[in-house]
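So this one's upload-v7.csv, CSV, C-alpha atoms:
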chain,number,residue,atom,x,y,z
A,1,MET,CA,89.1,-272.1,-190.1
A,2,PHE,CA,88.9,-275.2,-187.9
A,3,TRP,CA,91.1,-273.6,-185.4
A,4,THR,CA,89.0,-270.4,-185.1
A,5,LYS,CA,86.3,-270.0,-182.4
A,6,ARG,CA,83.3,-267.8,-183.3
A,7,VAL,CA,80.9,-266.5,-180.7
A,8,VAL,CA,77.9,-264.2,-181.2
A,9,ILE,CA,76.7,-262.1,-178.3
A,10,GLY,CA,73.1,-260.6,-178.6
A,11,ASP,CA,72.0,-257.1,-177.6
A,12,GLY,CA,70.5,-258.4,-174.3
A,13,GLU,CA,73.5,-260.6,-173.5
A,14,ARG,CA,77.0,-260.4,-172.1
A,15,GLY,CA,79.8,-262.9,-172.4
A,16,LEU,CA,82.7,-263.8,-170.1
A,17,VAL,CA,85.8,-265.2,-171.7
A,18,TYR,CA,87.9,-267.8,-169.8
A,19,ARG,CA,91.2,-269.1,-171.0
A,20,ASN,CA,92.5,-272.2,-169.4
A,21,ARG,CA,89.6,-271.7,-166.8
A,22,ARG,CA,90.9,-268.3,-165.8
A,23,PHE,CA,88.8,-265.2,-166.4
A,24,GLU,CA,90.2,-263.0,-169.2
A,25,ARG,CA,87.6,-260.3,-170.2
A,26,VAL,CA,84.0,-259.3,-170.7
A,27,LEU,CA,82.3,-259.5,-174.2
A,28,GLU,CA,79.9,-256.9,-175.3
A,29,ALA,CA,77.2,-257.5,-178.0
A,30,GLY,CA,78.6,-258.5,-181.4
A,31,VAL,CA,80.5,-261.2,-183.2
A,32,HIS,CA,83.8,-262.3,-181.7
A,33,ARG,CA,86.5,-264.7,-183.1
A,34,TRP,CA,89.6,-266.3,-181.6
A,35,PHE,CA,92.4,-268.4,-182.9
A,36,ASP,CA,92.1,-271.4,-180.6
A,37,PRO,CA,93.7,-274.5,-182.1
A,38,PHE,CA,93.8,-276.3,-178.7
A,39,GLY,CA,90.4,-275.4,-177.3
A,40,ARG,CA,91.6,-273.5,-174.4
A,41,ILE,CA,89.1,-270.7,-174.6
A,42,GLU,CA,85.6,-270.9,-173.0
A,43,VAL,CA,82.9,-268.3,-173.5
A,44,ARG,CA,79.9,-268.2,-171.1
A,45,SER,CA,77.0,-266.0,-172.2
A,46,PHE,CA,74.4,-264.5,-169.8
A,47,ASP,CA,71.0,-262.9,-170.3
A,48,ILE,CA,71.3,-259.5,-168.7
A,49,ALA,CA,67.5,-259.0,-168.7
A,50,THR,CA,67.8,-260.8,-165.4
A,51,PRO,CA,70.5,-258.6,-163.9
A,52,GLU,CA,71.6,-261.0,-161.1
A,53,TYR,CA,74.9,-262.6,-162.0
A,54,ALA,CA,74.3,-266.3,-161.5
A,55,GLY,CA,78.0,-267.5,-161.8
A,56,PRO,CA,79.8,-269.1,-158.9
A,57,ASP,CA,82.9,-266.9,-159.2
A,58,VAL,CA,81.7,-263.6,-157.9
A,59,ASP,CA,84.8,-263.0,-155.7
A,60,ALA,CA,87.2,-264.0,-158.5
A,61,LEU,CA,85.5,-261.5,-160.9
A,62,VAL,CA,85.7,-258.7,-158.3
A,63,ALA,CA,89.4,-259.4,-157.8
A,64,ARG,CA,90.3,-259.8,-161.5
A,65,LEU,CA,88.3,-256.8,-162.8
A,66,GLY,CA,89.4,-254.4,-160.0
A,67,ASP,CA,88.6,-250.8,-160.9
A,68,ALA,CA,87.1,-251.9,-164.3
A,69,LEU,CA,84.3,-253.8,-162.4
A,70,ALA,CA,82.1,-250.7,-162.2
A,71,GLY,CA,81.9,-250.5,-166.0
A,72,THR,CA,80.2,-253.9,-166.3
A,73,PHE,CA,78.7,-254.7,-162.9
A,74,VAL,CA,76.9,-253.2,-159.9
A,75,LEU,CA,78.6,-254.6,-156.8
A,76,ALA,CA,76.4,-255.3,-153.7
A,77,ASP,CA,78.8,-255.9,-150.8
A,78,ILE,CA,76.7,-255.9,-147.6
A,79,GLY,CA,78.3,-255.7,-144.2
A,80,VAL,CA,77.6,-258.0,-141.4
A,81,ASP,CA,75.6,-255.2,-139.6
A,82,GLU,CA,73.6,-254.1,-142.6
A,83,VAL,CA,70.7,-255.1,-144.8
A,84,GLY,CA,70.8,-254.5,-148.6
A,85,LEU,CA,67.8,-253.1,-150.5
A,86,VAL,CA,68.0,-253.8,-154.2
A,87,SER,CA,65.9,-251.6,-156.5
A,88,LYS,CA,65.4,-252.3,-160.2
A,89,ASN,CA,64.4,-249.4,-162.4
A,90,GLY,CA,63.5,-247.4,-159.3
A,91,LYS,CA,61.4,-250.1,-157.6
A,92,LEU,CA,62.4,-252.1,-154.6
A,93,GLU,CA,62.6,-255.8,-155.6
A,94,ASP,CA,64.8,-257.7,-153.2
A,95,VAL,CA,66.5,-257.7,-149.8
A,96,LEU,CA,70.0,-258.9,-149.2
A,97,ALA,CA,71.0,-260.5,-145.9
A,98,PRO,CA,74.0,-259.2,-143.9
A,99,GLY,CA,77.3,-260.4,-145.3
A,100,THR,CA,76.0,-261.0,-148.8
A,101,ARG,CA,78.1,-260.2,-151.9
A,102,ARG,CA,76.4,-260.1,-155.2
A,103,LEU,CA,77.0,-258.8,-158.8
A,104,TYR,CA,74.3,-257.3,-161.1
A,105,TRP,CA,74.8,-256.7,-164.8
A,106,LYS,CA,74.7,-253.2,-166.1
A,107,GLY,CA,72.8,-252.4,-169.3
A,108,LEU,CA,69.2,-253.2,-169.7
A,109,VAL,CA,68.0,-252.9,-166.0
A,110,GLU,CA,69.0,-250.0,-163.8
A,111,VAL,CA,70.1,-251.6,-160.5
A,112,GLN,CA,70.6,-249.6,-157.2
A,113,VAL,CA,71.7,-251.1,-153.9
A,114,ARG,CA,71.0,-249.2,-150.6
A,115,THR,CA,72.3,-250.4,-147.3
A,116,VAL,CA,70.4,-250.0,-144.0
A,117,PRO,CA,72.2,-250.4,-140.7
A,118,LEU,CA,70.8,-252.9,-138.2
A,119,GLY,CA,71.5,-250.9,-135.1
A,120,GLY,CA,68.8,-249.2,-133.0
A,121,THR,CA,65.2,-250.5,-133.1
A,122,LEU,CA,65.6,-252.8,-136.2
A,123,GLU,CA,62.2,-251.5,-137.4
A,124,VAL,CA,61.6,-251.6,-141.1
A,125,GLU,CA,60.7,-248.4,-142.8
A,126,ALA,CA,57.0,-248.0,-143.5
A,127,ALA,CA,57.5,-247.6,-147.3
A,128,VAL,CA,59.9,-250.6,-147.5
A,129,SER,CA,57.5,-252.7,-145.4
A,130,ARG,CA,54.6,-251.9,-147.7
A,131,ARG,CA,56.6,-252.8,-150.8
A,132,LEU,CA,57.9,-256.1,-149.3
A,133,ARG,CA,54.4,-257.0,-148.2
A,134,GLN,CA,53.2,-256.4,-151.7
A,135,LEU,CA,55.9,-258.7,-153.1
A,136,GLY,CA,55.0,-261.3,-150.5
A,137,THR,CA,58.6,-261.4,-149.1
A,138,LEU,CA,58.1,-259.4,-145.9
A,139,SER,CA,57.5,-262.4,-143.6
A,140,ARG,CA,60.7,-264.1,-144.9
A,141,VAL,CA,63.1,-261.2,-143.9
A,142,ALA,CA,61.2,-259.5,-141.0
A,143,VAL,CA,59.1,-260.2,-138.0
A,144,VAL,CA,55.7,-258.8,-138.6
A,145,ALA,CA,53.4,-257.4,-135.9
A,146,ASP,CA,49.9,-256.4,-137.0
A,147,VAL,CA,48.5,-254.9,-133.8
A,148,PRO,CA,44.6,-254.5,-133.7
A,149,ALA,CA,42.8,-251.8,-131.9
A,150,GLU,CA,42.5,-252.2,-128.1
A,151,HIS,CA,45.8,-254.2,-128.1
A,152,ALA,CA,49.4,-253.5,-127.2
A,153,CYS,CA,52.5,-255.1,-128.6
A,154,LEU,CA,55.8,-255.7,-126.7
A,155,VAL,CA,59.0,-256.1,-128.7
A,156,PHE,CA,61.8,-258.2,-127.3
A,157,VAL,CA,65.3,-258.2,-128.9
A,158,ASP,CA,67.5,-261.1,-127.7
A,159,GLY,CA,65.2,-261.5,-124.7
A,160,GLU,CA,65.3,-257.8,-123.7
A,161,LEU,CA,62.2,-255.7,-123.8
A,162,ARG,CA,62.9,-252.8,-126.2
A,163,ARG,CA,59.6,-251.0,-126.8
A,164,THR,CA,55.8,-251.1,-126.7
A,165,LEU,CA,53.9,-250.7,-130.0
A,166,ALA,CA,50.6,-248.9,-130.5
A,167,PRO,CA,47.9,-250.4,-132.8
A,168,GLY,CA,49.0,-250.6,-136.4
A,169,SER,CA,51.3,-252.6,-138.7
A,170,HIS,CA,54.9,-252.9,-137.8
A,171,ALA,CA,57.9,-255.0,-139.0
A,172,PHE,CA,61.4,-255.6,-137.7
A,173,TRP,CA,64.4,-257.0,-139.5
A,174,ASN,CA,64.9,-260.7,-138.6
A,175,PHE,CA,68.7,-260.7,-139.1
A,176,ARG,CA,71.6,-261.1,-136.7
A,177,LYS,CA,69.3,-260.6,-133.6
A,178,ASN,CA,66.3,-262.6,-132.3
A,179,VAL,CA,63.2,-260.4,-132.4
A,180,VAL,CA,60.0,-261.6,-130.7
A,181,VAL,CA,56.7,-259.7,-130.6
A,182,ASP,CA,54.0,-260.3,-128.0
A,183,ILE,CA,50.5,-258.9,-128.6
A,184,VAL,CA,48.5,-258.3,-125.5
A,185,ASP,CA,44.7,-257.9,-125.5
A,186,LEU,CA,43.6,-254.8,-123.5
A,187,ARG,CA,39.8,-255.5,-123.8
A,188,VAL,CA,37.7,-256.6,-120.9
A,189,GLN,CA,37.9,-260.4,-120.4
A,190,ALA,CA,35.4,-262.7,-118.7
A,191,VAL,CA,36.7,-265.5,-116.4
A,192,GLU,CA,34.5,-268.4,-115.4
A,193,VAL,CA,35.3,-270.5,-112.3
A,194,SER,CA,32.8,-273.4,-112.4
A,195,GLY,CA,32.0,-276.5,-110.4
A,196,GLN,CA,34.0,-275.7,-107.2
A,197,GLU,CA,33.2,-278.2,-104.5
A,198,LEU,CA,33.5,-276.3,-101.2
A,199,LEU,CA,32.7,-276.6,-97.4
A,200,THR,CA,31.1,-273.9,-95.4
A,201,ARG,CA,32.1,-273.0,-91.9
A,202,ASP,CA,29.4,-275.3,-90.5
A,203,LYS,CA,30.7,-278.2,-92.7
A,204,VAL,CA,28.0,-278.1,-95.4
A,205,SER,CA,29.2,-279.3,-98.8
A,206,LEU,CA,28.0,-277.2,-101.8
A,207,ARG,CA,29.1,-276.4,-105.4
A,208,VAL,CA,29.7,-272.8,-106.5
A,209,ASN,CA,30.0,-271.2,-109.9
A,210,LEU,CA,31.8,-267.8,-110.0
A,211,ALA,CA,32.2,-265.2,-112.8
A,212,ALA,CA,34.6,-262.3,-112.9
A,213,SER,CA,35.6,-259.6,-115.4
A,214,THR,CA,39.2,-258.4,-115.7
A,215,ARG,CA,41.2,-256.0,-117.9
A,216,VAL,CA,44.9,-255.6,-118.6
A,217,ILE,CA,46.0,-252.0,-117.8
A,218,ASP,CA,49.8,-252.5,-117.9
A,219,ALA,CA,51.0,-254.8,-120.7
A,220,VAL,CA,54.6,-254.7,-119.6
A,221,ALA,CA,53.9,-255.9,-116.0
A,222,THR,CA,51.5,-258.5,-117.3
A,223,ARG,CA,54.0,-260.1,-119.6
A,224,THR,CA,57.2,-259.7,-117.5
A,225,ARG,CA,56.1,-260.5,-114.0
A,226,VAL,CA,53.7,-263.4,-114.6
A,227,ALA,CA,54.3,-266.4,-116.9
A,228,ARG,CA,50.6,-266.9,-117.7
A,229,ILE,CA,48.4,-264.1,-116.4
A,230,GLY,CA,45.1,-265.9,-117.4
A,231,ASP,CA,46.0,-269.0,-115.3
A,232,HIS,CA,47.2,-266.8,-112.4
A,233,VAL,CA,43.9,-264.8,-112.3
A,234,TYR,CA,41.9,-268.1,-112.4
A,235,ARG,CA,43.9,-269.6,-109.6
A,236,GLU,CA,43.5,-266.5,-107.4
A,237,LEU,CA,39.7,-266.5,-108.0
A,238,GLN,CA,39.6,-270.1,-106.8
A,239,TYR,CA,41.6,-269.2,-103.7
A,240,GLY,CA,39.4,-266.2,-102.9
A,241,LEU,CA,36.3,-268.2,-103.4
A,242,ARG,CA,37.5,-270.9,-101.0
A,243,ARG,CA,38.5,-268.4,-98.4
A,244,ALA,CA,35.2,-266.5,-98.5
A,245,VAL,CA,33.0,-269.6,-98.4
A,246,SER,CA,34.9,-271.4,-95.6
A,247,ALA,CA,34.6,-268.3,-93.4
A,248,LYS,CA,30.7,-268.2,-93.6
A,249,SER,CA,27.9,-270.5,-92.5
A,250,LEU,CA,25.3,-271.8,-94.9
A,251,ASP,CA,22.7,-269.4,-93.6
A,252,GLU,CA,25.1,-266.4,-94.0
A,253,LEU,CA,25.8,-267.5,-97.6
A,254,LEU,CA,22.2,-267.9,-98.6
A,255,GLY,CA,21.1,-264.8,-96.7
A,256,ASP,CA,23.8,-262.3,-98.0
A,257,LYS,CA,25.5,-263.3,-101.2
A,258,ALA,CA,26.5,-259.7,-101.8
A,259,SER,CA,29.0,-259.8,-98.9
A,260,LEU,CA,30.4,-263.0,-100.4
A,261,ASP,CA,31.0,-261.2,-103.7
A,262,ALA,CA,32.6,-258.3,-101.8
A,263,ASP,CA,35.0,-260.6,-99.9
A,264,ILE,CA,36.2,-262.4,-103.0
A,265,PHE,CA,36.6,-259.1,-104.9
A,266,ALA,CA,38.7,-257.5,-102.2
A,267,TYR,CA,41.0,-260.6,-102.0
A,268,VAL,CA,41.5,-261.0,-105.7
A,269,ARG,CA,42.0,-257.3,-106.3
A,270,GLY,CA,44.7,-257.2,-103.7
A,271,GLN,CA,46.5,-260.2,-105.2
A,272,MET,CA,46.5,-258.5,-108.7
A,273,THR,CA,48.3,-255.3,-107.4
A,274,GLY,CA,51.4,-254.7,-109.4
A,275,LEU,CA,50.7,-257.4,-112.0
A,276,GLY,CA,49.1,-255.0,-114.5
A,277,VAL,CA,45.6,-256.5,-114.3
A,278,GLU,CA,42.5,-254.7,-113.0
A,279,VAL,CA,39.6,-256.7,-111.5
A,280,LEU,CA,36.4,-255.0,-112.6
A,281,GLY,CA,33.9,-257.2,-110.8
A,282,VAL,CA,33.3,-260.6,-109.2
A,283,GLY,CA,30.0,-262.4,-108.7
A,284,VAL,CA,28.8,-265.8,-107.5
A,285,LYS,CA,26.4,-267.1,-110.2
A,286,ASP,CA,25.1,-270.3,-108.6
A,287,VAL,CA,25.2,-272.0,-105.2
A,288,ILE,CA,24.2,-275.6,-105.7
A,289,LEU,CA,23.3,-277.7,-102.7
A,290,PRO,CA,23.2,-281.6,-102.4
A,291,GLY,CA,19.8,-283.3,-102.7
A,292,GLU,CA,19.3,-284.1,-99.0
A,293,MET,CA,20.2,-280.6,-98.0
A,294,LYS,CA,17.7,-279.2,-100.5
A,295,GLU,CA,15.0,-281.2,-98.9
A,296,ILE,CA,15.9,-280.0,-95.4
A,297,LEU,CA,16.0,-276.4,-96.5
A,298,ASN,CA,12.7,-276.8,-98.4
A,299,GLY,CA,11.1,-278.2,-95.2
A,300,VAL,CA,12.5,-275.3,-93.1
A,301,VAL,CA,11.2,-272.7,-95.6
A,302,GLN,CA,7.8,-274.4,-95.8
A,303,ALA,CA,7.5,-274.4,-92.0
A,304,GLU,CA,8.5,-270.8,-91.8
A,305,LYS,CA,5.9,-269.8,-94.5
A,306,THR,CA,3.2,-271.9,-92.8
A,307,ALA,CA,3.9,-270.1,-89.5
A,308,GLN,CA,3.8,-266.8,-91.2
A,309,ALA,CA,0.5,-267.7,-92.9
A,310,ASN,CA,-1.0,-268.7,-89.5
A,311,VAL,CA,0.1,-265.4,-87.9
A,312,ILE,CA,-1.5,-263.5,-90.7
A,313,ARG,CA,-4.7,-265.5,-90.6
A,314,ARG,CA,-5.0,-264.9,-86.8
A,315,ARG,CA,-4.4,-261.3,-87.2
A,316,GLU,CA,-7.0,-260.9,-89.9
A,317,GLU,CA,-9.6,-262.9,-87.8
A,318,ALA,CA,-8.9,-260.6,-84.8
A,319,ASN,CA,-9.4,-257.5,-87.0
A,320,ALA,CA,-12.6,-258.9,-88.4
A,321,THR,CA,-14.0,-259.7,-84.9
A,322,ARG,CA,-13.0,-256.2,-83.7
A,323,SER,CA,-14.8,-254.7,-86.7
A,324,LEU,CA,-18.0,-256.7,-85.9
A,325,LEU,CA,-17.9,-255.6,-82.3
A,326,ASN,CA,-17.6,-252.0,-83.3
A,327,THR,CA,-20.6,-252.4,-85.7
A,328,ALA,CA,-22.7,-254.0,-83.0
A,329,ARG,CA,-22.1,-251.1,-80.6
A,330,LEU,CA,-23.1,-248.6,-83.2
A,331,ILE,CA,-26.3,-250.5,-84.0
A,332,GLU,CA,-27.1,-250.7,-80.3
A,333,GLU,CA,-26.8,-246.9,-79.9
A,334,SER,CA,-28.8,-246.0,-83.1
A,335,PRO,CA,-32.3,-247.5,-83.9
A,336,VAL,CA,-32.1,-245.9,-87.4
A,337,LEU,CA,-28.9,-247.8,-88.2
A,338,MET,CA,-30.6,-250.9,-86.9
A,339,ARG,CA,-33.5,-250.3,-89.3
A,340,LEU,CA,-31.1,-249.9,-92.2
A,341,LYS,CA,-29.4,-253.2,-91.4
A,342,GLU,CA,-32.9,-254.8,-91.3
A,343,LEU,CA,-33.7,-253.4,-94.7
A,344,GLU,CA,-30.4,-254.8,-96.1
A,345,ALA,CA,-31.2,-258.2,-94.6
A,346,LEU,CA,-34.7,-258.1,-96.1
A,347,GLU,CA,-33.2,-257.2,-99.5
A,348,LYS,CA,-30.8,-260.2,-99.4
A,349,VAL,CA,-33.7,-262.5,-98.4
A,350,THR,CA,-36.0,-261.3,-101.2
A,351,GLU,CA,-33.3,-261.8,-103.8
A,352,ARG,CA,-33.7,-265.6,-103.2
A,353,ILE,CA,-37.5,-265.7,-103.1
A,354,ASP,CA,-39.4,-266.1,-106.3
A,355,LYS,CA,-42.8,-265.1,-104.9
A,356,LEU,CA,-43.6,-263.0,-101.8
A,357,THR,CA,-47.1,-262.4,-100.3
A,358,VAL,CA,-47.3,-259.4,-97.9
A,359,PHE,CA,-50.0,-259.1,-95.2
A,360,GLY,CA,-50.2,-256.1,-93.0
A,361,GLY,CA,-47.9,-253.9,-95.0
A,362,LEU,CA,-44.2,-253.4,-94.7
A,363,ASP,CA,-44.4,-253.1,-90.9
A,364,GLY,CA,-46.0,-256.4,-90.6
A,365,VAL,CA,-43.3,-258.0,-92.7
A,366,LEU,CA,-40.5,-256.5,-90.6
A,367,LYS,CA,-42.2,-257.5,-87.4
A,368,GLN,CA,-42.6,-261.0,-88.6
A,369,LEU,CA,-39.1,-261.3,-89.8
A,370,VAL,CA,-37.2,-259.3,-87.2
A,371,THR,CA,-38.2,-258.6,-83.6
A,372,LEU,CA,-36.8,-255.1,-82.6
A,373,LYS,CA,-35.3,-254.7,-79.2
A,374,GLN,CA,-37.3,-252.0,-77.3
In structure tokens, write the structure found in this file.
Amino acid sequence: MFWTKRVVIGDGERGLVYRNRRFERVLEAGVHRWFDPFGRIEVRSFDIATPEYAGPDVDALVARLGDALAGTFVLADIGVDEVGLVSKNGKLEDVLAPGTRRLYWKGLVEVQVRTVPLGGTLEVEAAVSRRLRQLGTLSRVAVVADVPAEHACLVFVDGELRRTLAPGSHAFWNFRKNVVVDIVDLRVQAVEVSGQELLTRDKVSLRVNLAASTRVIDAVATRTRVARIGDHVYRELQYGLRRAVSAKSLDELLGDKASLDADIFAYVRGQMTGLGVEVLGVGVKDVILPGEMKEILNGVVQAEKTAQANVIRRREEANATRSLLNTARLIEESPVLMRLKELEALEKVTERIDKLTVFGGLDGVLKQLVTLKQ
């Protein structure tokens, strides 16, 4: 009895028998006994509710069992250009990297292993991607590209541009090859160029603020021909502003800002040709002059406005004098009109008199107040 080894294997267990540290056979559920006076037999039991075989001797078991392996295990032998998808009871549960070799116990859990080749686009199937995202393992085995609306995504594999993605959710296997996704914003972008200290053609120093709006129309050209398209657009706006301001005098700048905007727009738009960026508009927001120049310009403006006011005043005085002369000529030619003017004058006089005593009737009043020319 002391030389007998007794081992009990439960319904959810399997056992591996090793004699002298060499695998001998697999134990099914039940009670097993061996005559082992020298303690040369070792039995290792495993819970097959977790079907992954956790032992370190996978290759040895595959070699020793040979054709009998399929009766106890499911072998997952993934090639170097493949990815393994492990399903348990019909549900995807795990992903095996290329070159992986793993055993799964048969019995309680139905295990299926499907291999996916890594050739072509490397894109993960939509159903597989959704399941792995649900399990929280997608980002560990794939490069994920969630492309919003009004965006484009470029896919680079080992530094080579492979394809452009439309808005949506995409994933690419991150095995064997280096996959990089670059999301490009296709919406209208505002660019501000502020605080530019510039000299006009007549050597007047001023500070200018510029605003522009741009949009990416070719994501491939934007990412492959320019390192940083935002910096490039900003720099070209600076150059265009300096060229346009230096070619004009201060009076031309202040008198016609629209031509300044047009010159900058034409220059920048030409520089963006072939780079995948469309310049929608350019506008100078502020032209800020130094303090002393402001005083000079204010004096000039004030003098111009004063001169204009004097001209208008003289013109109105001349018009008024001409009107009085025409009125005098009409009165001279018409005694009735003269009498009406006399009555109007009398009316204005009587408005300011509290008490009026009349002698000799209305004719006497008129004769006393106004002497008519015969």
*Show which residues sit within 7 Å of A:Leu96, as a PyMOL selection string. Count all atoms listed in the file, and ignore same-chain residues fewer than 6 positions away.*
chain A and resi 83-85
*Any idea what the distance is between atom CA of A:Val43 and atom CA of A:Arg19?*
8.7 Å
*Any idea what's packed within 7 Å of A:Asp36, counting all atoms listed in the file, ignoring anything in its chain fewer than 5 positions away? Could you give it as a list in words?*
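Near A:Asp36, the qualifying residues are Trp3, Thr4, Lys5 and Ile41 of chain A.
Closest approach to A:Gly159 among A:Gly281, A:Leu330, A:Thr224, A:Gly39: A:Thr224, based on all atoms listed in the file.
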*Could you jot down the atom CA of A:Ala171 to atom CA of A:Thr222 separation for me, Å, one decimal place?*
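Taking atom CA of A:Ala171 as the start and atom CA of A:Thr222 as the end point, the length is 22.9 Å.
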_Residues near A:Arg133, anyone? I mean within 12 Å using all atoms listed in the file, not counting same-chain ones fewer than 6 positions away, as JSON, numbers by chain._
{"A": [92, 93, 94, 124, 125, 126, 127, 139, 140, 141, 142, 143, 144, 169, 170, 171]}
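Interatomic distance, atom CA of A:Arg228 to atom CA of A:His151: 17.1 Å.
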*Out of A:Ala309, A:Val284, A:Ala68, A:Leu138, which residue has the shortest atom-to-atom distance to A:Ser194 when counting all atoms listed in the file?*
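That would be A:Val284, the residue with the smallest distance to A:Ser194.
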*Shortest interatomic distance to A:Phe265 - which of A:Glu160, A:Glu52, A:Glu236, A:Asp286, counting only C-alpha atoms*: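 Closest candidate: A:Glu236.
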Extract stretch 93-145 of chain A from the coordinates I pasted, and write it as a compact mmCIF listing (two decimals), in the first residue's frame (atoms kept: C-alpha atoms).
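Written out: decode_13.txt:
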# COMPACT_ATOMS: atom_id res chain seq x y z
CA GLU A 93 -12.22 35.47 -27.29
CA ASP A 94 -8.55 35.86 -28.17
CA VAL A 95 -6.04 36.76 -30.87
CA LEU A 96 -2.79 34.85 -31.35
CA ALA A 97 0.25 36.64 -32.74
CA PRO A 98 2.17 35.25 -35.73
CA GLY A 99 4.45 32.33 -34.87
CA THR A 100 2.40 31.34 -31.77
CA ARG A 101 1.96 27.68 -30.82
CA ARG A 102 -0.62 26.86 -28.19
CA LEU A 103 -2.70 23.88 -26.95
CA TYR A 104 -6.31 23.99 -25.76
CA TRP A 105 -8.01 21.22 -23.80
CA LYS A 106 -10.95 19.48 -25.38
CA GLY A 107 -13.96 18.65 -23.28
CA LEU A 108 -15.90 21.36 -21.47
CA VAL A 109 -15.26 24.32 -23.81
CA GLU A 110 -15.50 24.06 -27.58
CA VAL A 111 -12.43 25.80 -29.00
CA GLN A 112 -11.97 26.77 -32.64
CA VAL A 113 -8.90 28.42 -34.13
CA ARG A 114 -9.10 30.33 -37.44
CA THR A 115 -6.07 31.77 -39.17
CA VAL A 116 -6.10 35.08 -41.09
CA PRO A 117 -3.30 35.86 -43.57
CA LEU A 118 -1.43 39.15 -43.06
CA GLY A 119 -1.03 39.91 -46.75
CA GLY A 120 -2.87 42.66 -48.61
CA THR A 121 -4.29 45.63 -46.72
CA LEU A 122 -3.90 44.18 -43.18
CA GLU A 123 -7.37 45.52 -42.38
CA VAL A 124 -9.26 43.75 -39.59
CA GLU A 125 -12.67 42.40 -40.51
CA ALA A 126 -15.50 44.61 -39.27
CA ALA A 127 -17.11 41.86 -37.16
CA VAL A 128 -13.76 40.89 -35.64
CA SER A 129 -12.98 44.53 -34.92
CA ARG A 130 -16.30 45.09 -33.15
CA ARG A 131 -15.82 41.98 -30.99
CA LEU A 132 -12.26 42.87 -30.03
CA ARG A 133 -13.35 46.43 -29.21
CA GLN A 134 -16.03 44.93 -26.99
CA LEU A 135 -13.42 42.79 -25.22
CA GLY A 136 -11.13 45.82 -24.81
CA THR A 137 -8.23 44.14 -26.64
CA LEU A 138 -8.45 45.80 -30.06
CA SER A 139 -5.85 48.50 -29.36
CA ARG A 140 -3.34 45.86 -28.20
CA VAL A 141 -3.34 43.89 -31.44
CA ALA A 142 -4.34 46.49 -34.05
CA VAL A 143 -3.86 50.11 -35.06
CA VAL A 144 -7.24 51.79 -34.73
CA ALA A 145 -8.37 54.71 -36.93
